[in-house]
>>> print(open('coords-v6.tsv').read())   # TSV, C-alpha atoms and all ligand atoms
chain	number	residue	atom	x	y	z
A	30	MET	CA	4.16	-7.05	8.98
A	31	ARG	CA	5.56	-4.80	6.30
A	32	PHE	CA	3.83	-1.98	4.50
A	33	ILE	CA	4.95	-0.02	1.45
A	34	LEU	CA	3.26	3.20	0.38
A	35	ALA	CA	3.80	6.56	-1.26
A	36	VAL	CA	2.15	9.68	0.14
A	37	SER	CA	2.06	13.33	-0.93
A	38	THR	CA	3.00	16.30	1.23
A	39	ASP	CA	-0.70	16.84	1.99
A	40	GLY	CA	-1.24	13.22	2.99
A	41	LYS	CA	-2.85	11.86	-0.18
A	42	ILE	CA	-2.26	8.46	-1.79
A	43	SER	CA	-4.52	8.66	-4.83
A	44	ILE	CA	-6.91	10.75	-6.87
A	45	GLY	CA	-9.74	9.44	-9.01
A	46	GLY	CA	-8.80	5.85	-8.16
A	47	LYS	CA	-5.24	6.26	-9.46
A	48	LEU	CA	-1.84	7.32	-8.23
A	49	PRO	CA	-1.55	11.13	-8.49
A	50	TRP	CA	1.98	10.88	-9.92
A	51	ASN	CA	4.14	8.94	-12.32
A	52	ILE	CA	7.50	8.38	-10.72
A	53	PRO	CA	9.47	5.60	-12.44
A	54	HIS	CA	12.14	5.40	-9.75
A	55	ASP	CA	9.47	4.95	-7.07
A	56	LEU	CA	7.99	2.10	-9.10
A	57	LYS	CA	11.47	0.58	-9.30
A	58	TRP	CA	11.86	0.99	-5.53
A	59	PHE	CA	8.48	-0.75	-5.08
A	60	LYS	CA	9.46	-3.58	-7.40
A	61	MET	CA	12.92	-4.00	-5.90
A	62	ASN	CA	11.45	-4.40	-2.42
A	63	THR	CA	8.47	-6.61	-3.22
A	64	TYR	CA	9.77	-8.82	-6.04
A	65	GLY	CA	9.62	-12.54	-5.21
A	66	ASP	CA	7.43	-11.93	-2.17
A	67	THR	CA	3.74	-12.02	-1.35
A	68	ILE	CA	1.84	-8.75	-1.73
A	69	ILE	CA	-1.54	-8.16	-0.10
A	70	MET	CA	-3.87	-5.36	-1.16
A	71	GLY	CA	-7.40	-4.09	-0.64
A	72	ARG	CA	-9.89	-4.83	-3.39
A	73	LYS	CA	-9.99	-1.19	-4.51
A	74	THR	CA	-6.22	-1.20	-4.95
A	75	TRP	CA	-6.59	-4.40	-7.00
A	76	ASP	CA	-9.12	-2.56	-9.18
A	77	SER	CA	-6.73	0.39	-9.51
A	78	ILE	CA	-3.94	-1.79	-10.91
A	79	GLY	CA	-6.27	-3.11	-13.61
A	80	LYS	CA	-7.34	-6.33	-11.80
A	81	ARG	CA	-4.14	-7.96	-13.01
A	82	ALA	CA	-1.52	-9.58	-10.80
A	83	LEU	CA	1.83	-7.83	-10.48
A	84	ARG	CA	4.46	-10.10	-12.01
A	85	GLY	CA	6.96	-12.03	-9.96
A	86	ARG	CA	4.94	-11.76	-6.77
A	87	THR	CA	2.18	-13.80	-5.12
A	88	ASN	CA	-0.81	-11.46	-5.25
A	89	ILE	CA	-3.56	-11.63	-2.61
A	90	VAL	CA	-6.63	-9.39	-2.41
A	91	VAL	CA	-8.67	-8.61	0.70
A	92	SER	CA	-12.40	-8.37	0.02
A	93	ARG	CA	-15.64	-9.38	1.65
A	94	HIS	CA	-16.36	-11.43	-1.48
A	95	LYS	CA	-14.33	-13.81	-3.63
A	96	VAL	CA	-12.54	-11.78	-6.28
A	97	PRO	CA	-12.30	-13.55	-9.64
A	98	GLY	CA	-8.85	-14.54	-10.87
A	99	VAL	CA	-6.86	-13.93	-7.69
A	100	LYS	CA	-6.42	-15.47	-4.26
A	101	THR	CA	-8.84	-13.66	-1.92
A	102	ILE	CA	-8.82	-13.23	1.85
A	103	THR	CA	-12.32	-12.54	3.20
A	104	ASN	CA	-11.45	-12.47	6.91
A	105	ILE	CA	-8.97	-9.68	7.60
A	106	ASP	CA	-7.63	-11.54	10.64
A	107	ASP	CA	-6.12	-14.09	8.24
A	108	VAL	CA	-3.80	-11.45	6.76
A	109	ARG	CA	-1.43	-11.70	9.72
A	110	GLU	CA	-0.74	-15.35	8.90
A	111	TYR	CA	1.34	-14.00	6.01
A	112	LYS	CA	4.08	-12.67	8.24
A	113	ASN	CA	6.55	-11.91	5.46
A	114	ALA	CA	4.03	-10.37	3.09
A	115	TRP	CA	3.98	-6.75	2.01
A	116	ILE	CA	0.76	-4.81	2.54
A	117	ILE	CA	0.67	-2.46	-0.44
A	118	GLY	CA	-2.47	-0.43	0.35
A	119	GLY	CA	-4.86	1.15	0.21
A	120	ALA	CA	-5.78	3.41	3.08
A	121	GLU	CA	-8.77	1.38	4.26
A	122	LEU	CA	-6.75	-1.82	4.54
A	123	CYS	CA	-3.69	-0.23	6.13
A	124	LYS	CA	-5.57	1.58	8.87
A	125	GLN	CA	-7.05	-1.70	10.08
A	126	LEU	CA	-3.78	-3.60	9.99
A	127	TRP	CA	-0.83	-1.54	11.11
A	128	LYS	CA	0.32	-1.96	14.61
A	129	LYS	CA	3.31	-1.37	16.82
A	130	ASP	CA	6.66	-2.64	15.55
A	131	ASP	CA	5.44	-3.17	11.99
A	132	ILE	CA	7.72	-1.83	9.26
A	133	LEU	CA	6.62	0.94	6.89
A	134	LEU	CA	8.58	1.75	3.76
A	135	LEU	CA	7.34	5.20	2.89
A	136	THR	CA	7.97	7.38	-0.11
A	137	ARG	CA	7.13	10.99	0.61
A	138	VAL	CA	6.28	12.69	-2.66
A	139	HIS	CA	6.99	16.39	-2.36
A	140	MET	CA	3.89	17.64	-4.14
A	141	THR	CA	0.41	18.76	-3.13
A	142	VAL	CA	-2.45	16.70	-4.53
A	143	GLY	CA	-5.48	18.51	-3.15
A	144	ASN	CA	-8.77	16.70	-3.41
A	145	GLY	CA	-7.53	13.11	-3.27
A	146	LEU	CA	-7.75	10.09	-0.98
A	147	SER	CA	-6.17	10.80	2.41
A	148	ILE	CA	-4.31	8.41	4.60
A	149	ASN	CA	-3.76	8.83	8.32
A	150	LEU	CA	-0.23	7.64	8.78
A	151	PRO	CA	0.66	5.95	12.04
A	152	GLU	CA	3.24	7.42	14.41
A	153	MET	CA	6.63	6.07	13.47
A	154	ASN	CA	10.32	6.14	14.19
A	155	GLU	CA	12.51	6.68	11.18
A	156	LEU	CA	15.26	4.10	10.75
A	157	TRP	CA	16.67	5.27	7.41
A	158	SER	CA	15.93	8.02	4.95
A	159	LYS	CA	17.19	9.19	1.59
A	160	ASP	CA	16.15	12.17	-0.52
A	161	PHE	CA	16.19	11.68	-4.25
A	162	ASP	CA	14.74	13.85	-7.00
A	163	SER	CA	12.04	15.58	-4.90
A	164	HIS	CA	11.08	12.45	-3.02
A	165	THR	CA	12.12	11.00	0.31
A	166	PHE	CA	12.42	7.27	0.67
A	167	SER	CA	12.37	6.07	4.24
A	168	ILE	CA	12.16	2.94	6.33
A	169	ASN	CA	10.19	3.37	9.53
A	170	ILE	CA	9.09	1.33	12.47
A	171	ILE	CA	5.58	1.96	13.71
A	172	LYS	CA	5.39	3.30	17.28
B	201	LIG	N1	0.09	5.84	-3.02
B	201	LIG	C1	0.15	4.57	-2.65
B	201	LIG	O1	1.15	4.09	-2.12
B	201	LIG	C2	-1.05	3.68	-2.88
B	201	LIG	C3	-0.95	2.32	-2.54
B	201	LIG	C4	-2.06	1.51	-2.75
B	201	LIG	C5	-3.24	2.03	-3.23
B	201	LIG	N2	-3.29	3.35	-3.55
B	201	LIG	C6	-4.56	3.92	-4.02
B	201	LIG	O2	-5.51	3.73	-3.00
B	201	LIG	C7	-6.81	3.61	-3.59
B	201	LIG	C8	-7.56	2.48	-2.91
B	201	LIG	O3	-7.50	2.63	-1.49
B	201	LIG	P1	-8.81	2.50	-0.58
B	201	LIG	O4	-8.43	2.87	0.80
B	201	LIG	O5	-9.93	3.26	-1.22
B	201	LIG	O6	-9.21	0.96	-0.70
B	201	LIG	P2	-8.40	-0.40	-0.41
B	201	LIG	O7	-7.91	-0.39	1.00
B	201	LIG	O8	-7.46	-0.69	-1.50
B	201	LIG	O9	-9.59	-1.46	-0.58
B	201	LIG	C9	-10.75	-1.36	0.21
B	201	LIG	C10	-11.52	-2.66	0.04
B	201	LIG	O10	-10.83	-3.72	0.72
B	201	LIG	C11	-11.77	-4.63	1.25
B	201	LIG	N3	-11.69	-4.61	2.71
B	201	LIG	C12	-11.27	-3.60	3.51
B	201	LIG	N4	-11.39	-3.97	4.81
B	201	LIG	C13	-11.86	-5.24	4.81
B	201	LIG	C14	-12.20	-6.16	5.84
B	201	LIG	N5	-12.07	-5.85	7.15
B	201	LIG	N6	-12.64	-7.39	5.49
B	201	LIG	C15	-12.78	-7.73	4.20
B	201	LIG	N7	-12.50	-6.88	3.16
B	201	LIG	C16	-12.05	-5.65	3.48
B	201	LIG	C17	-13.14	-4.17	0.81
B	201	LIG	O11	-13.38	-4.78	-0.44
B	201	LIG	P3	-14.87	-5.15	-0.96
B	201	LIG	O12	-15.56	-3.83	-1.17
B	201	LIG	O13	-14.62	-5.91	-2.24
B	201	LIG	O14	-15.50	-5.99	0.12
B	201	LIG	C18	-12.93	-2.67	0.66
B	201	LIG	O15	-13.87	-2.03	-0.19
B	201	LIG	C19	-6.60	3.41	-5.07
B	201	LIG	O16	-7.03	4.58	-5.73
B	201	LIG	C20	-5.10	3.27	-5.26
B	201	LIG	O17	-4.64	3.93	-6.41
B	201	LIG	C21	-2.23	4.18	-3.38
>>> encode(input="coords-v6.tsv", output="structure tokens")
Amino acid sequence: MRFILAVSTDGKISIGGKLPWNIPHDLKWFKMNTYGDTIIMGRKTWDSIGKRALRGRTNIVVSRHKVPGVKTITNIDDVREYKNAWIIGGAELCKQLWKKDDILLLTRVHMTVGNGLSINLPEMNELWSKDFDSHTFSINIIK
């Protein structure tokens, strides 16, 4: 499967239910990679994007209950049927799903967030990396 995330230097992905940063070129990177595809997210991530589908993509939410207005997966094992989908977060969903040989597109945001939501990134091999404007974009394969 494929994952796409952005993480701060101190390992945080959000604060107060929102992204800790506003980085237009990271949003463009996200859109460029996911546009036209299926994106799968945890229910809290769905809440964080305003409970509205991201345009130009098939949106699917993982929850233990049917989520109004969007296709919902209630059994996490069913996620892997969507082999070409992007898992877009959050931390709770990712940690249950990533496994060896999965792809992780990771933006490292070179800032410290402090008291936010942490993610434990998997061990990975870096395939490609580019620094741009205080961020590092990289494509990794999970070890
Ligand atoms: N920086 C980034 O790249 C990035 C990316 C995405 C999200 N985020 C941030 O991450 C935050 C949300 O992340 P999070 O880790 O708190 O939550 P999350 O992973 O987005 O969602 C957690 C929810 O997913 C559902 N879920 C998880 N495991 C499940 C399972 N095994 N079976 C069925 N449903 C399951 C549950 O929904 P129910 O409670 O409805 O059952 C659970 O409460 C947001 O603040 C968002 O801004 C950041």
>>> residues_around(input="coords-v6.tsv", residues="range 78-81 of chain A", least_positions_apart="6", cutoff="10 Å", atoms="all atoms listed in the file", output="list of chain:residue names")
A:Gly46, A:Lys47, A:Leu48, A:Arg72, A:Asn88, A:Val90, A:Val96, A:Pro97, A:Gly98, A:Val99
>>> residues_near_ligand(input="coords-v6.tsv", ligand="ligand LIG 201 (chain B)", cutoff="6 Å", atoms="all atoms listed in the file", output="PyMOL selection string")
chain A and resi 34-36+42-43+46-48+70-74+77+91-94+103-105+117-122
>>> write_last_selection(input="coords-v6.tsv", atoms="C-alpha atoms", output="PDB file, in the coordinates of the input")
ATOM      1  CA  LEU A  34       3.260   3.200   0.380  1.00  0.00           C
ATOM      2  CA  ALA A  35       3.800   6.560  -1.260  1.00  0.00           C
ATOM      3  CA  VAL A  36       2.150   9.680   0.140  1.00  0.00           C
ATOM      4  CA  ILE A  42      -2.260   8.460  -1.790  1.00  0.00           C
ATOM      5  CA  SER A  43      -4.520   8.660  -4.830  1.00  0.00           C
ATOM      6  CA  GLY A  46      -8.800   5.850  -8.160  1.00  0.00           C
ATOM      7  CA  LYS A  47      -5.240   6.260  -9.460  1.00  0.00           C
ATOM      8  CA  LEU A  48      -1.840   7.320  -8.230  1.00  0.00           C
ATOM      9  CA  MET A  70      -3.870  -5.360  -1.160  1.00  0.00           C
ATOM     10  CA  GLY A  71      -7.400  -4.090  -0.640  1.00  0.00           C
ATOM     11  CA  ARG A  72      -9.890  -4.830  -3.390  1.00  0.00           C
ATOM     12  CA  LYS A  73      -9.990  -1.190  -4.510  1.00  0.00           C
ATOM     13  CA  THR A  74      -6.220  -1.200  -4.950  1.00  0.00           C
ATOM     14  CA  SER A  77      -6.730   0.390  -9.510  1.00  0.00           C
ATOM     15  CA  VAL A  91      -8.670  -8.610   0.700  1.00  0.00           C
ATOM     16  CA  SER A  92     -12.400  -8.370   0.020  1.00  0.00           C
ATOM     17  CA  ARG A  93     -15.640  -9.380   1.650  1.00  0.00           C
ATOM     18  CA  HIS A  94     -16.360 -11.430  -1.480  1.00  0.00           C
ATOM     19  CA  THR A 103     -12.320 -12.540   3.200  1.00  0.00           C
ATOM     20  CA  ASN A 104     -11.450 -12.470   6.910  1.00  0.00           C
ATOM     21  CA  ILE A 105      -8.970  -9.680   7.600  1.00  0.00           C
ATOM     22  CA  ILE A 117       0.670  -2.460  -0.440  1.00  0.00           C
ATOM     23  CA  GLY A 118      -2.470  -0.430   0.350  1.00  0.00           C
ATOM     24  CA  GLY A 119      -4.860   1.150   0.210  1.00  0.00           C
ATOM     25  CA  ALA A 120      -5.780   3.410   3.080  1.00  0.00           C
ATOM     26  CA  GLU A 121      -8.770   1.380   4.260  1.00  0.00           C
ATOM     27  CA  LEU A 122      -6.750  -1.820   4.540  1.00  0.00           C
TER      28      LEU A 122
END
>>> atom_distance(input="coords-v6.tsv", atom1="CA of Asn149 in chain A", atom2="CA of Asp66 in chain A")
25.8 Å
>>> atom_distance(input="coords-v6.tsv", atom1="CA of Ser158 in chain A", atom2="CA of Gly45 in chain A")
29.3 Å
>>> atom_distance(input="coords-v6.tsv", atom1="CA of Asp107 in chain A", atom2="CA of Leu126 in chain A")
10.9 Å
>>> axis_aligned_box(input="coords-v6.tsv", around="range 79-98 of chain A", padding_each_side="3 Å", output="lines of an AutoDock Vina configuration file")
center_x = -4.7
center_y = -8.8
center_z = -6.0
size_x = 29.3
size_y = 17.4
size_z = 21.3
>>> residues_around(input="coords-v6.tsv", residues="Leu56 in chain A", least_positions_apart="3", cutoff="12 Å", atoms="all atoms listed in the file", output="PyMOL selection string")
chain A and resi 33-35+48+50-53+59-64+83+136+166
>>> write_last_selection(input="coords-v6.tsv", atoms="C-alpha atoms", output="PDB file, in the frame of the given file")
ATOM      1  CA  ILE A  33       4.950  -0.020   1.450  1.00  0.00           C
ATOM      2  CA  LEU A  34       3.260   3.200   0.380  1.00  0.00           C
ATOM      3  CA  ALA A  35       3.800   6.560  -1.260  1.00  0.00           C
ATOM      4  CA  LEU A  48      -1.840   7.320  -8.230  1.00  0.00           C
ATOM      5  CA  TRP A  50       1.980  10.880  -9.920  1.00  0.00           C
ATOM      6  CA  ASN A  51       4.140   8.940 -12.320  1.00  0.00           C
ATOM      7  CA  ILE A  52       7.500   8.380 -10.720  1.00  0.00           C
ATOM      8  CA  PRO A  53       9.470   5.600 -12.440  1.00  0.00           C
ATOM      9  CA  PHE A  59       8.480  -0.750  -5.080  1.00  0.00           C
ATOM     10  CA  LYS A  60       9.460  -3.580  -7.400  1.00  0.00           C
ATOM     11  CA  MET A  61      12.920  -4.000  -5.900  1.00  0.00           C
ATOM     12  CA  ASN A  62      11.450  -4.400  -2.420  1.00  0.00           C
ATOM     13  CA  THR A  63       8.470  -6.610  -3.220  1.00  0.00           C
ATOM     14  CA  TYR A  64       9.770  -8.820  -6.040  1.00  0.00           C
ATOM     15  CA  LEU A  83       1.830  -7.830 -10.480  1.00  0.00           C
ATOM     16  CA  THR A 136       7.970   7.380  -0.110  1.00  0.00           C
ATOM     17  CA  PHE A 166      12.420   7.270   0.670  1.00  0.00           C
TER      18      PHE A 166
END
>>> residues_around(input="coords-v6.tsv", residues="Val138 in chain A", least_positions_apart="4", cutoff="7 Å", atoms="all atoms listed in the file", output="list in words")
Ala35, Val36, Ser37, Thr38, Ser163, His164 and Thr165 of chain A
>>> closest_residue(input="coords-v6.tsv", among="A:Leu156, A:Ile170, A:Ile148, A:Ile69", to="Lys112 in chain A", atoms="all atoms listed in the file")
A:Ile69
>>> build_atoms(input="coords-v6.tsv", residues="range 65-96 of chain A", atoms="N, CA and C atoms", output="PDB file, in the coordinates of the input")
ATOM      1  N   GLY A  65       9.387 -11.197  -5.773  1.00  0.00           N
ATOM      2  CA  GLY A  65       9.620 -12.540  -5.210  1.00  0.00           C
ATOM      3  C   GLY A  65       8.829 -12.806  -3.939  1.00  0.00           C
ATOM      4  N   ASP A  66       8.158 -11.793  -3.427  1.00  0.00           N
ATOM      5  CA  ASP A  66       7.430 -11.930  -2.170  1.00  0.00           C
ATOM      6  C   ASP A  66       5.922 -11.982  -2.403  1.00  0.00           C
ATOM      7  N   THR A  67       5.204 -12.093  -1.302  1.00  0.00           N
ATOM      8  CA  THR A  67       3.740 -12.020  -1.350  1.00  0.00           C
ATOM      9  C   THR A  67       3.317 -10.572  -1.103  1.00  0.00           C
ATOM     10  N   ILE A  68       2.399 -10.091  -1.934  1.00  0.00           N
ATOM     11  CA  ILE A  68       1.840  -8.750  -1.730  1.00  0.00           C
ATOM     12  C   ILE A  68       0.336  -8.884  -1.464  1.00  0.00           C
ATOM     13  N   ILE A  69      -0.126  -8.108  -0.497  1.00  0.00           N
ATOM     14  CA  ILE A  69      -1.540  -8.160  -0.100  1.00  0.00           C
ATOM     15  C   ILE A  69      -2.112  -6.753  -0.245  1.00  0.00           C
ATOM     16  N   MET A  70      -3.266  -6.680  -0.896  1.00  0.00           N
ATOM     17  CA  MET A  70      -3.870  -5.360  -1.160  1.00  0.00           C
ATOM     18  C   MET A  70      -5.378  -5.392  -0.954  1.00  0.00           C
ATOM     19  N   GLY A  71      -5.949  -4.227  -0.686  1.00  0.00           N
ATOM     20  CA  GLY A  71      -7.400  -4.090  -0.640  1.00  0.00           C
ATOM     21  C   GLY A  71      -7.977  -4.238  -2.040  1.00  0.00           C
ATOM     22  N   ARG A  72      -9.250  -4.576  -2.078  1.00  0.00           N
ATOM     23  CA  ARG A  72      -9.890  -4.830  -3.390  1.00  0.00           C
ATOM     24  C   ARG A  72      -9.883  -3.578  -4.279  1.00  0.00           C
ATOM     25  N   LYS A  73      -9.984  -2.401  -3.683  1.00  0.00           N
ATOM     26  CA  LYS A  73      -9.990  -1.190  -4.510  1.00  0.00           C
ATOM     27  C   LYS A  73      -8.614  -0.923  -5.118  1.00  0.00           C
ATOM     28  N   THR A  74      -7.574  -1.314  -4.381  1.00  0.00           N
ATOM     29  CA  THR A  74      -6.220  -1.200  -4.950  1.00  0.00           C
ATOM     30  C   THR A  74      -6.063  -2.192  -6.097  1.00  0.00           C
ATOM     31  N   TRP A  75      -6.587  -3.394  -5.921  1.00  0.00           N
ATOM     32  CA  TRP A  75      -6.590  -4.400  -7.000  1.00  0.00           C
ATOM     33  C   TRP A  75      -7.274  -3.824  -8.246  1.00  0.00           C
ATOM     34  N   ASP A  76      -8.426  -3.180  -8.042  1.00  0.00           N
ATOM     35  CA  ASP A  76      -9.120  -2.560  -9.180  1.00  0.00           C
ATOM     36  C   ASP A  76      -8.218  -1.502  -9.831  1.00  0.00           C
ATOM     37  N   SER A  77      -7.523  -0.736  -8.979  1.00  0.00           N
ATOM     38  CA  SER A  77      -6.730   0.390  -9.510  1.00  0.00           C
ATOM     39  C   SER A  77      -5.526  -0.066 -10.331  1.00  0.00           C
ATOM     40  N   ILE A  78      -5.069  -1.304 -10.097  1.00  0.00           N
ATOM     41  CA  ILE A  78      -3.940  -1.790 -10.910  1.00  0.00           C
ATOM     42  C   ILE A  78      -4.428  -2.620 -12.101  1.00  0.00           C
ATOM     43  N   GLY A  79      -5.726  -2.477 -12.406  1.00  0.00           N
ATOM     44  CA  GLY A  79      -6.270  -3.110 -13.610  1.00  0.00           C
ATOM     45  C   GLY A  79      -6.709  -4.546 -13.395  1.00  0.00           C
ATOM     46  N   LYS A  80      -6.883  -4.966 -12.115  1.00  0.00           N
ATOM     47  CA  LYS A  80      -7.340  -6.330 -11.800  1.00  0.00           C
ATOM     48  C   LYS A  80      -6.423  -7.369 -12.415  1.00  0.00           C
ATOM     49  N   ARG A  81      -5.135  -7.022 -12.472  1.00  0.00           N
ATOM     50  CA  ARG A  81      -4.140  -7.960 -13.010  1.00  0.00           C
ATOM     51  C   ARG A  81      -2.999  -8.081 -12.010  1.00  0.00           C
ATOM     52  N   ALA A  82      -2.563  -9.341 -11.788  1.00  0.00           N
ATOM     53  CA  ALA A  82      -1.520  -9.580 -10.800  1.00  0.00           C
ATOM     54  C   ALA A  82      -0.214  -8.897 -11.206  1.00  0.00           C
ATOM     55  N   LEU A  83       0.501  -8.377 -10.219  1.00  0.00           N
ATOM     56  CA  LEU A  83       1.830  -7.830 -10.480  1.00  0.00           C
ATOM     57  C   LEU A  83       2.795  -9.008 -10.613  1.00  0.00           C
ATOM     58  N   ARG A  84       3.565  -8.978 -11.670  1.00  0.00           N
ATOM     59  CA  ARG A  84       4.460 -10.100 -12.010  1.00  0.00           C
ATOM     60  C   ARG A  84       5.488 -10.379 -10.935  1.00  0.00           C
ATOM     61  N   GLY A  85       5.847 -11.654 -10.823  1.00  0.00           N
ATOM     62  CA  GLY A  85       6.960 -12.030  -9.960  1.00  0.00           C
ATOM     63  C   GLY A  85       6.637 -11.972  -8.477  1.00  0.00           C
ATOM     64  N   ARG A  86       5.368 -11.819  -8.161  1.00  0.00           N
ATOM     65  CA  ARG A  86       4.940 -11.760  -6.770  1.00  0.00           C
ATOM     66  C   ARG A  86       3.651 -12.557  -6.604  1.00  0.00           C
ATOM     67  N   THR A  87       3.458 -13.154  -5.436  1.00  0.00           N
ATOM     68  CA  THR A  87       2.180 -13.800  -5.120  1.00  0.00           C
ATOM     69  C   THR A  87       1.214 -12.701  -4.698  1.00  0.00           C
ATOM     70  N   ASN A  88       0.153 -12.527  -5.490  1.00  0.00           N
ATOM     71  CA  ASN A  88      -0.810 -11.460  -5.250  1.00  0.00           C
ATOM     72  C   ASN A  88      -2.012 -11.987  -4.452  1.00  0.00           C
ATOM     73  N   ILE A  89      -2.382 -11.275  -3.413  1.00  0.00           N
ATOM     74  CA  ILE A  89      -3.560 -11.630  -2.610  1.00  0.00           C
ATOM     75  C   ILE A  89      -4.395 -10.371  -2.406  1.00  0.00           C
ATOM     76  N   VAL A  90      -5.719 -10.532  -2.557  1.00  0.00           N
ATOM     77  CA  VAL A  90      -6.630  -9.390  -2.410  1.00  0.00           C
ATOM     78  C   VAL A  90      -7.522  -9.619  -1.189  1.00  0.00           C
ATOM     79  N   VAL A  91      -7.750  -8.557  -0.436  1.00  0.00           N
ATOM     80  CA  VAL A  91      -8.670  -8.610   0.700  1.00  0.00           C
ATOM     81  C   VAL A  91     -10.000  -8.010   0.255  1.00  0.00           C
ATOM     82  N   SER A  92     -11.058  -8.809   0.406  1.00  0.00           N
ATOM     83  CA  SER A  92     -12.400  -8.370   0.020  1.00  0.00           C
ATOM     84  C   SER A  92     -13.409  -9.167   0.839  1.00  0.00           C
ATOM     85  N   ARG A  93     -14.591  -8.626   0.958  1.00  0.00           N
ATOM     86  CA  ARG A  93     -15.640  -9.380   1.650  1.00  0.00           C
ATOM     87  C   ARG A  93     -16.226 -10.464   0.743  1.00  0.00           C
ATOM     88  N   HIS A  94     -15.835 -10.443  -0.520  1.00  0.00           N
ATOM     89  CA  HIS A  94     -16.360 -11.430  -1.480  1.00  0.00           C
ATOM     90  C   HIS A  94     -15.191 -12.004  -2.263  1.00  0.00           C
ATOM     91  N   LYS A  95     -15.359 -13.207  -2.783  1.00  0.00           N
ATOM     92  CA  LYS A  95     -14.330 -13.810  -3.630  1.00  0.00           C
ATOM     93  C   LYS A  95     -14.117 -12.939  -4.868  1.00  0.00           C
ATOM     94  N   VAL A  96     -12.860 -12.609  -5.110  1.00  0.00           N
ATOM     95  CA  VAL A  96     -12.540 -11.780  -6.280  1.00  0.00           C
ATOM     96  C   VAL A  96     -12.062 -12.706  -7.396  1.00  0.00           C
TER      97      VAL A  96
END
